[in-house]
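Peer 1: mmCIF, C-alpha atoms, saved as work30.cif, coming up:
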data_upload
#
loop_
_atom_site.group_PDB
_atom_site.id
_atom_site.type_symbol
_atom_site.label_atom_id
_atom_site.label_comp_id
_atom_site.auth_asym_id
_atom_site.auth_seq_id
_atom_site.Cartn_x
_atom_site.Cartn_y
_atom_site.Cartn_z
ATOM 1 C CA MET A 72 -12.323 -2.268 -2.905
ATOM 2 C CA ALA A 73 -13.631 -0.012 -0.172
ATOM 3 C CA GLU A 74 -13.440 3.730 -0.610
ATOM 4 C CA ILE A 75 -10.674 4.844 1.787
ATOM 5 C CA THR A 76 -9.373 8.388 1.413
ATOM 6 C CA TRP A 77 -6.725 8.530 4.144
ATOM 7 C CA ILE A 78 -3.666 6.720 5.471
ATOM 8 C CA LYS A 79 -1.590 7.253 8.610
ATOM 9 C CA LEU A 80 1.857 8.793 8.312
ATOM 10 C CA ARG A 81 3.921 9.094 11.459
ATOM 11 C CA THR A 82 5.492 12.443 12.276
ATOM 12 C CA ASP A 83 8.697 10.615 13.282
ATOM 13 C CA MET A 84 8.794 8.664 10.016
ATOM 14 C CA PHE A 85 12.101 10.238 8.968
ATOM 15 C CA ASP A 86 13.759 9.243 12.259
ATOM 16 C CA ASN A 87 13.253 5.558 11.392
ATOM 17 C CA THR A 88 16.560 3.786 10.715
ATOM 18 C CA LYS A 89 15.226 2.067 7.587
ATOM 19 C CA ILE A 90 13.976 5.336 6.126
ATOM 20 C CA ARG A 91 17.311 7.001 6.878
ATOM 21 C CA LEU A 92 19.167 4.174 5.121
ATOM 22 C CA ILE A 93 16.845 4.411 2.114
ATOM 23 C CA GLU A 94 17.423 8.176 1.902
ATOM 24 C CA LYS A 95 21.145 7.461 1.357
ATOM 25 C CA LEU A 96 20.522 5.104 -1.565
ATOM 26 C CA PRO A 97 20.841 6.299 -5.157
ATOM 27 C CA GLU A 98 17.412 7.768 -5.977
ATOM 28 C CA GLY A 99 16.628 7.695 -2.239
ATOM 29 C CA ASP A 100 14.137 10.568 -2.417
ATOM 30 C CA THR A 101 12.308 8.885 -5.295
ATOM 31 C CA ILE A 102 12.278 5.584 -3.419
ATOM 32 C CA LEU A 103 10.641 7.303 -0.449
ATOM 33 C CA VAL A 104 8.019 8.803 -2.746
ATOM 34 C CA ILE A 105 7.370 5.271 -4.038
ATOM 35 C CA TRP A 106 6.979 4.102 -0.417
ATOM 36 C CA VAL A 107 4.341 6.737 0.291
ATOM 37 C CA LYS A 108 2.586 5.862 -2.975
ATOM 38 C CA LEU A 109 2.572 2.168 -2.009
ATOM 39 C CA LEU A 110 1.010 3.087 1.338
ATOM 40 C CA ALA A 111 -1.622 5.181 -0.439
ATOM 41 C CA VAL A 112 -2.445 2.399 -2.933
ATOM 42 C CA ALA A 113 -2.661 -0.168 -0.115
ATOM 43 C CA GLY A 114 -4.986 2.138 1.804
ATOM 44 C CA LYS A 115 -7.168 2.720 -1.207
ATOM 45 C CA ALA A 116 -7.372 -1.029 -1.920
ATOM 46 C CA ASN A 117 -8.303 -1.694 1.709
ATOM 47 C CA CYS A 118 -7.089 -5.274 1.316
ATOM 48 C CA ASN A 119 -4.863 -5.864 4.369
ATOM 49 C CA GLY A 120 -1.866 -4.063 2.889
ATOM 50 C CA TYR A 121 -1.890 -5.727 -0.528
ATOM 51 C CA ILE A 122 -1.009 -3.534 -3.503
ATOM 52 C CA MET A 123 -3.948 -3.951 -5.873
ATOM 53 C CA LEU A 124 -5.075 -2.421 -9.176
ATOM 54 C CA SER A 125 -8.639 -3.493 -8.506
ATOM 55 C CA GLU A 126 -10.426 -5.909 -6.218
ATOM 56 C CA ASN A 127 -9.070 -9.022 -7.957
ATOM 57 C CA ILE A 128 -6.013 -7.724 -9.790
ATOM 58 C CA PRO A 129 -2.711 -7.267 -7.932
ATOM 59 C CA MET A 130 -0.345 -4.578 -9.197
ATOM 60 C CA ASN A 131 2.983 -5.778 -10.600
ATOM 61 C CA VAL A 132 6.251 -3.821 -10.712
ATOM 62 C CA GLU A 133 5.809 -2.748 -14.328
ATOM 63 C CA GLU A 134 2.350 -1.358 -13.562
ATOM 64 C CA MET A 135 3.732 0.440 -10.507
ATOM 65 C CA ALA A 136 6.314 2.151 -12.696
ATOM 66 C CA VAL A 137 3.614 3.389 -15.071
ATOM 67 C CA ILE A 138 1.104 4.396 -12.398
ATOM 68 C CA PHE A 139 3.717 6.033 -10.141
ATOM 69 C CA ASP A 140 5.330 7.695 -13.181
ATOM 70 C CA ARG A 141 8.786 6.455 -12.203
ATOM 71 C CA PRO A 142 11.467 4.556 -14.171
ATOM 72 C CA LEU A 143 11.043 0.780 -13.990
ATOM 73 C CA ASN A 144 14.598 0.252 -12.700
ATOM 74 C CA THR A 145 13.984 2.743 -9.878
ATOM 75 C CA VAL A 146 10.775 0.947 -8.879
ATOM 76 C CA ARG A 147 12.647 -2.377 -8.934
ATOM 77 C CA LEU A 148 15.388 -0.846 -6.756
ATOM 78 C CA ALA A 149 12.709 0.451 -4.377
ATOM 79 C CA ILE A 150 11.005 -2.945 -4.138
ATOM 80 C CA GLU A 151 14.337 -4.634 -3.411
ATOM 81 C CA ALA A 152 15.149 -2.062 -0.714
ATOM 82 C CA PHE A 153 11.719 -2.462 0.892
ATOM 83 C CA LYS A 154 12.134 -6.260 0.868
ATOM 84 C CA ARG A 155 15.633 -6.021 2.344
ATOM 85 C CA TYR A 156 14.449 -3.821 5.195
ATOM 86 C CA GLY A 157 11.358 -5.926 5.883
ATOM 87 C CA MET A 158 8.895 -3.219 4.846
ATOM 88 C CA ILE A 159 7.101 -5.375 2.274
ATOM 89 C CA GLU A 160 6.679 -9.038 1.551
ATOM 90 C CA LEU A 161 5.905 -10.902 -1.644
ATOM 91 C CA ASP A 162 3.689 -13.961 -1.565
ATOM 92 C CA ASP A 163 4.160 -17.033 -3.757
ATOM 93 C CA SER A 164 2.491 -15.210 -6.662
ATOM 94 C CA GLU A 165 4.830 -12.206 -6.267
ATOM 95 C CA ILE A 166 1.972 -10.035 -4.967
ATOM 96 C CA VAL A 167 3.340 -7.141 -2.910
ATOM 97 C CA ARG A 168 1.997 -6.600 0.609
ATOM 98 C CA ILE A 169 2.976 -3.939 3.126
ATOM 99 C CA LYS A 170 4.288 -5.739 6.225
ATOM 100 C CA ASN A 171 2.815 -4.729 9.566
ATOM 101 C CA TRP A 172 -0.011 -2.976 7.746
ATOM 102 C CA GLU A 173 -1.840 -2.379 11.014
ATOM 103 C CA THR A 174 0.924 0.050 12.071
ATOM 104 C CA HIS A 175 0.413 2.077 8.889
ATOM 105 C CA GLN A 176 -3.356 2.134 8.882
ATOM 106 C CA ASN A 177 -6.290 2.083 11.251
ATOM 107 C CA VAL A 178 -7.324 -1.472 10.397
ATOM 108 C CA ASP A 179 -10.411 -1.319 12.620
ATOM 109 C CA GLY A 180 -11.574 1.863 10.886
ATOM 110 C CA MET A 181 -10.982 0.286 7.501
ATOM 111 C CA GLU A 182 -12.990 -2.776 8.511
ATOM 112 C CA ARG A 183 -15.861 -0.517 9.567
ATOM 113 C CA VAL A 184 -15.753 1.198 6.170
ATOM 114 C CA ARG A 185 -15.675 -2.190 4.415
ATOM 115 C CA GLU A 186 -18.713 -3.365 6.402
ATOM 116 C CA GLN A 187 -20.590 -0.093 5.770
ATOM 117 C CA ASN A 188 -19.936 -0.403 2.054
ATOM 118 C CA ARG A 189 -21.086 -4.026 2.084
ATOM 119 C CA LEU A 190 -24.343 -3.098 3.822
ATOM 120 C CA ARG A 191 -24.889 -0.138 1.498
ATOM 121 C CA LYS A 192 -24.383 -2.364 -1.544
ATOM 122 C CA GLN A 193 -26.717 -4.998 -0.089
ATOM 123 C CA LYS A 194 -29.455 -2.398 0.442
ATOM 124 C CA GLN A 195 -28.906 -1.112 -3.091
ATOM 125 C CA ARG A 196 -29.349 -4.637 -4.482
ATOM 126 C CA GLU A 197 -32.509 -5.127 -2.439
ATOM 127 C CA ARG A 198 -33.959 -1.895 -3.847
ATOM 128 C CA GLU A 199 -33.190 -2.981 -7.403
#
Please, can you express the file's structure as structure tokens?
Peer 2:
Amino acid sequence: MAEITWIKLRTDMFDNTKIRLIEKLPEGDTILVIWVKLLAVAGKANCNGYIMLSENIPMNVEEMAVIFDRPLNTVRLAIEAFKRYGMIELDDSEIVRIKNWETHQNVDGMERVREQNRLRKQKQRERE
């Protein structure tokens, strides 16, 4: 996982119809915090929007609840809302991925960081 320390948040985020609908849900504010946390985790993983614990381990809903320090039922409600509004998708293995990741993150910049890290690691291995 490449070391990414930033994500893009749009200044008009709260004008988005989906976000406004989520705000009206029970626990809407908490669900929005979970959304921002998912974006941050996806950015940190630098894996095309997938929500990962580590390079090879996807994060499941129970782990999200623990890591985000939120009740499991609230995280499940959030995941269902994000699926309903097309904000996330789950693959066949139930791995969560942020849809349209490129609108939430500078994918080109992340690829540059990934390549820089790969080259740095390669040089480190050559030195050893």
Peer 1: For the file shown, report as a ChimeraX atom specification the outcome of the PyMOL selection byres ((chain A and resi 158) around 12) at residue level.
Peer 2: /A:87-90,93,103,106-107,109-110,120,149-157,159-161,167-172,174-175
Peer 1: Report the distance between atom CA of Gln176 of chain A and atom CA of Ile78 of chain A in Å, rounded to one decimal place.
Peer 2: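 According to the coordinates, atom CA of Gln176 of chain A and atom CA of Ile78 of chain A are separated by 5.7 Å.
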Peer 1: Starting from the shown file, work through the PyMOL selection byres ((chain A and resi 123) around 12) and note down what comes out as a ChimeraX atom specification.
Peer 2: /A:72-73,109-122,124-132,134-135,138,166-169
Peer 1: Looking at A:Lys194, A:Glu182, A:Ile105, A:Trp77, which one is nearest to Val137 of chain A, with distances taken over only C-alpha atoms?
Peer 2: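 The shortest atom-to-atom distance to Val137 of chain A comes from A:Ile105.
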Peer 1: Quote the spacing between atom CA of Thr76 of chain A and atom CA of Gly99 of chain A in Å to one decimal place.
Peer 2: 26.3 Å
Peer 1: Do you have the atom CA of Val146 of chain A-atom CA of Met84 of chain A distance handy?
Peer 2: 20.5 Å
Peer 1: Keeping C-alpha atoms, write segment 75-182 of chain A of the structure just shown out as a PDB file, in the first residue's frame.
Peer 2:
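Saved result, out.pdb, follows:
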ATOM      1  CA  ILE A  75      -0.913   8.610   0.586  1.00  0.00           C
ATOM      2  CA  THR A  76      -1.681  11.330   3.118  1.00  0.00           C
ATOM      3  CA  TRP A  77      -4.439  13.269   1.354  1.00  0.00           C
ATOM      4  CA  ILE A  78      -7.795  12.845  -0.366  1.00  0.00           C
ATOM      5  CA  LYS A  79      -9.957  15.296  -2.305  1.00  0.00           C
ATOM      6  CA  LEU A  80     -13.131  16.622  -0.721  1.00  0.00           C
ATOM      7  CA  ARG A  81     -15.315  18.891  -2.802  1.00  0.00           C
ATOM      8  CA  THR A  82     -16.448  22.181  -1.305  1.00  0.00           C
ATOM      9  CA  ASP A  83     -19.930  21.564  -2.759  1.00  0.00           C
ATOM     10  CA  MET A  84     -20.107  18.071  -1.259  1.00  0.00           C
ATOM     11  CA  PHE A  85     -23.093  18.967   0.929  1.00  0.00           C
ATOM     12  CA  ASP A  86     -25.066  20.252  -2.075  1.00  0.00           C
ATOM     13  CA  ASN A  87     -25.030  16.746  -3.589  1.00  0.00           C
ATOM     14  CA  THR A  88     -28.506  15.183  -3.645  1.00  0.00           C
ATOM     15  CA  LYS A  89     -27.243  11.846  -2.309  1.00  0.00           C
ATOM     16  CA  ILE A  90     -25.465  13.501   0.603  1.00  0.00           C
ATOM     17  CA  ARG A  91     -28.572  15.540   1.403  1.00  0.00           C
ATOM     18  CA  LEU A  92     -30.698  12.378   1.411  1.00  0.00           C
ATOM     19  CA  ILE A  93     -28.192  10.603   3.660  1.00  0.00           C
ATOM     20  CA  GLU A  94     -28.223  13.538   6.097  1.00  0.00           C
ATOM     21  CA  LYS A  95     -31.971  12.932   6.603  1.00  0.00           C
ATOM     22  CA  LEU A  96     -31.512   9.261   7.496  1.00  0.00           C
ATOM     23  CA  PRO A  97     -31.447   8.113  11.117  1.00  0.00           C
ATOM     24  CA  GLU A  98     -27.805   8.536  12.183  1.00  0.00           C
ATOM     25  CA  GLY A  99     -27.261  10.633   9.037  1.00  0.00           C
ATOM     26  CA  ASP A 100     -24.386  12.636  10.527  1.00  0.00           C
ATOM     27  CA  THR A 101     -22.644   9.438  11.619  1.00  0.00           C
ATOM     28  CA  ILE A 102     -23.186   7.904   8.189  1.00  0.00           C
ATOM     29  CA  LEU A 103     -21.503  10.916   6.591  1.00  0.00           C
ATOM     30  CA  VAL A 104     -18.566  10.550   8.967  1.00  0.00           C
ATOM     31  CA  ILE A 105     -18.343   6.903   7.863  1.00  0.00           C
ATOM     32  CA  TRP A 106     -18.334   8.084   4.226  1.00  0.00           C
ATOM     33  CA  VAL A 107     -15.400  10.410   4.847  1.00  0.00           C
ATOM     34  CA  LYS A 108     -13.595   7.634   6.730  1.00  0.00           C
ATOM     35  CA  LEU A 109     -14.155   5.247   3.804  1.00  0.00           C
ATOM     36  CA  LEU A 110     -12.680   7.847   1.447  1.00  0.00           C
ATOM     37  CA  ALA A 111      -9.681   8.265   3.750  1.00  0.00           C
ATOM     38  CA  VAL A 112      -9.110   4.492   4.025  1.00  0.00           C
ATOM     39  CA  ALA A 113      -9.422   4.091   0.242  1.00  0.00           C
ATOM     40  CA  GLY A 114      -6.914   6.896  -0.260  1.00  0.00           C
ATOM     41  CA  LYS A 115      -4.498   5.406   2.211  1.00  0.00           C
ATOM     42  CA  ALA A 116      -4.779   1.963   0.576  1.00  0.00           C
ATOM     43  CA  ASN A 117      -4.166   3.511  -2.846  1.00  0.00           C
ATOM     44  CA  CYS A 118      -5.844   0.504  -4.455  1.00  0.00           C
ATOM     45  CA  ASN A 119      -8.308   2.016  -6.959  1.00  0.00           C
ATOM     46  CA  GLY A 120     -10.930   2.815  -4.332  1.00  0.00           C
ATOM     47  CA  TYR A 121     -10.936  -0.547  -2.560  1.00  0.00           C
ATOM     48  CA  ILE A 122     -11.325  -0.487   1.219  1.00  0.00           C
ATOM     49  CA  MET A 123      -8.339  -2.457   2.495  1.00  0.00           C
ATOM     50  CA  LEU A 124      -6.815  -3.279   5.891  1.00  0.00           C
ATOM     51  CA  SER A 125      -3.482  -4.018   4.264  1.00  0.00           C
ATOM     52  CA  GLU A 126      -2.189  -4.735   0.789  1.00  0.00           C
ATOM     53  CA  ASN A 127      -3.862  -8.155   0.551  1.00  0.00           C
ATOM     54  CA  ILE A 128      -6.594  -7.965   3.175  1.00  0.00           C
ATOM     55  CA  PRO A 129      -9.903  -6.239   2.380  1.00  0.00           C
ATOM     56  CA  MET A 130     -11.791  -4.650   5.269  1.00  0.00           C
ATOM     57  CA  ASN A 131     -15.165  -6.185   6.131  1.00  0.00           C
ATOM     58  CA  VAL A 132     -18.114  -4.428   7.786  1.00  0.00           C
ATOM     59  CA  GLU A 133     -17.314  -5.749  11.256  1.00  0.00           C
ATOM     60  CA  GLU A 134     -13.745  -4.450  10.998  1.00  0.00           C
ATOM     61  CA  MET A 135     -15.040  -1.090   9.772  1.00  0.00           C
ATOM     62  CA  ALA A 136     -17.224  -0.816  12.862  1.00  0.00           C
ATOM     63  CA  VAL A 137     -14.242  -1.444  15.136  1.00  0.00           C
ATOM     64  CA  ILE A 138     -11.778   0.753  13.249  1.00  0.00           C
ATOM     65  CA  PHE A 139     -14.264   3.608  12.731  1.00  0.00           C
ATOM     66  CA  ASP A 140     -15.447   3.262  16.348  1.00  0.00           C
ATOM     67  CA  ARG A 141     -19.094   3.118  15.292  1.00  0.00           C
ATOM     68  CA  PRO A 142     -21.893   0.637  16.117  1.00  0.00           C
ATOM     69  CA  LEU A 143     -22.013  -2.314  13.720  1.00  0.00           C
ATOM     70  CA  ASN A 144     -25.677  -1.694  12.841  1.00  0.00           C
ATOM     71  CA  THR A 145     -24.888   1.928  11.944  1.00  0.00           C
ATOM     72  CA  VAL A 146     -22.027   0.832   9.679  1.00  0.00           C
ATOM     73  CA  ARG A 147     -24.339  -1.719   8.033  1.00  0.00           C
ATOM     74  CA  LEU A 148     -26.963   1.014   7.533  1.00  0.00           C
ATOM     75  CA  ALA A 149     -24.275   3.256   6.028  1.00  0.00           C
ATOM     76  CA  ILE A 150     -23.079   0.545   3.638  1.00  0.00           C
ATOM     77  CA  GLU A 151     -26.652  -0.118   2.506  1.00  0.00           C
ATOM     78  CA  ALA A 152     -27.254   3.606   1.943  1.00  0.00           C
ATOM     79  CA  PHE A 153     -24.015   3.971  -0.026  1.00  0.00           C
ATOM     80  CA  LYS A 154     -24.955   0.946  -2.162  1.00  0.00           C
ATOM     81  CA  ARG A 155     -28.468   2.286  -2.752  1.00  0.00           C
ATOM     82  CA  TYR A 156     -27.158   5.648  -3.915  1.00  0.00           C
ATOM     83  CA  GLY A 157     -24.438   4.128  -6.095  1.00  0.00           C
ATOM     84  CA  MET A 158     -21.563   5.490  -4.009  1.00  0.00           C
ATOM     85  CA  ILE A 159     -19.940   2.097  -3.432  1.00  0.00           C
ATOM     86  CA  GLU A 160     -19.993  -1.299  -5.038  1.00  0.00           C
ATOM     87  CA  LEU A 161     -19.300  -4.748  -3.659  1.00  0.00           C
ATOM     88  CA  ASP A 162     -17.542  -7.325  -5.791  1.00  0.00           C
ATOM     89  CA  ASP A 163     -18.308 -11.050  -5.757  1.00  0.00           C
ATOM     90  CA  SER A 164     -16.231 -11.444  -2.582  1.00  0.00           C
ATOM     91  CA  GLU A 165     -18.146  -8.620  -0.846  1.00  0.00           C
ATOM     92  CA  ILE A 166     -15.095  -6.332  -0.999  1.00  0.00           C
ATOM     93  CA  VAL A 167     -16.164  -2.687  -0.789  1.00  0.00           C
ATOM     94  CA  ARG A 168     -14.968  -0.270  -3.474  1.00  0.00           C
ATOM     95  CA  ILE A 169     -15.712   3.432  -3.819  1.00  0.00           C
ATOM     96  CA  LYS A 170     -17.445   3.931  -7.182  1.00  0.00           C
ATOM     97  CA  ASN A 171     -16.044   6.607  -9.470  1.00  0.00           C
ATOM     98  CA  TRP A 172     -12.898   6.712  -7.357  1.00  0.00           C
ATOM     99  CA  GLU A 173     -11.200   8.986  -9.872  1.00  0.00           C
ATOM    100  CA  THR A 174     -13.655  11.775  -8.947  1.00  0.00           C
ATOM    101  CA  HIS A 175     -12.678  11.471  -5.280  1.00  0.00           C
ATOM    102  CA  GLN A 176      -8.945  11.219  -5.732  1.00  0.00           C
ATOM    103  CA  ASN A 177      -6.192  12.355  -8.046  1.00  0.00           C
ATOM    104  CA  VAL A 178      -5.617   8.920  -9.563  1.00  0.00           C
ATOM    105  CA  ASP A 179      -2.675  10.120 -11.662  1.00  0.00           C
ATOM    106  CA  GLY A 180      -0.979  11.550  -8.571  1.00  0.00           C
ATOM    107  CA  MET A 181      -1.584   8.324  -6.693  1.00  0.00           C
ATOM    108  CA  GLU A 182      -0.087   6.314  -9.547  1.00  0.00           C
TER     109      GLU A 182
END
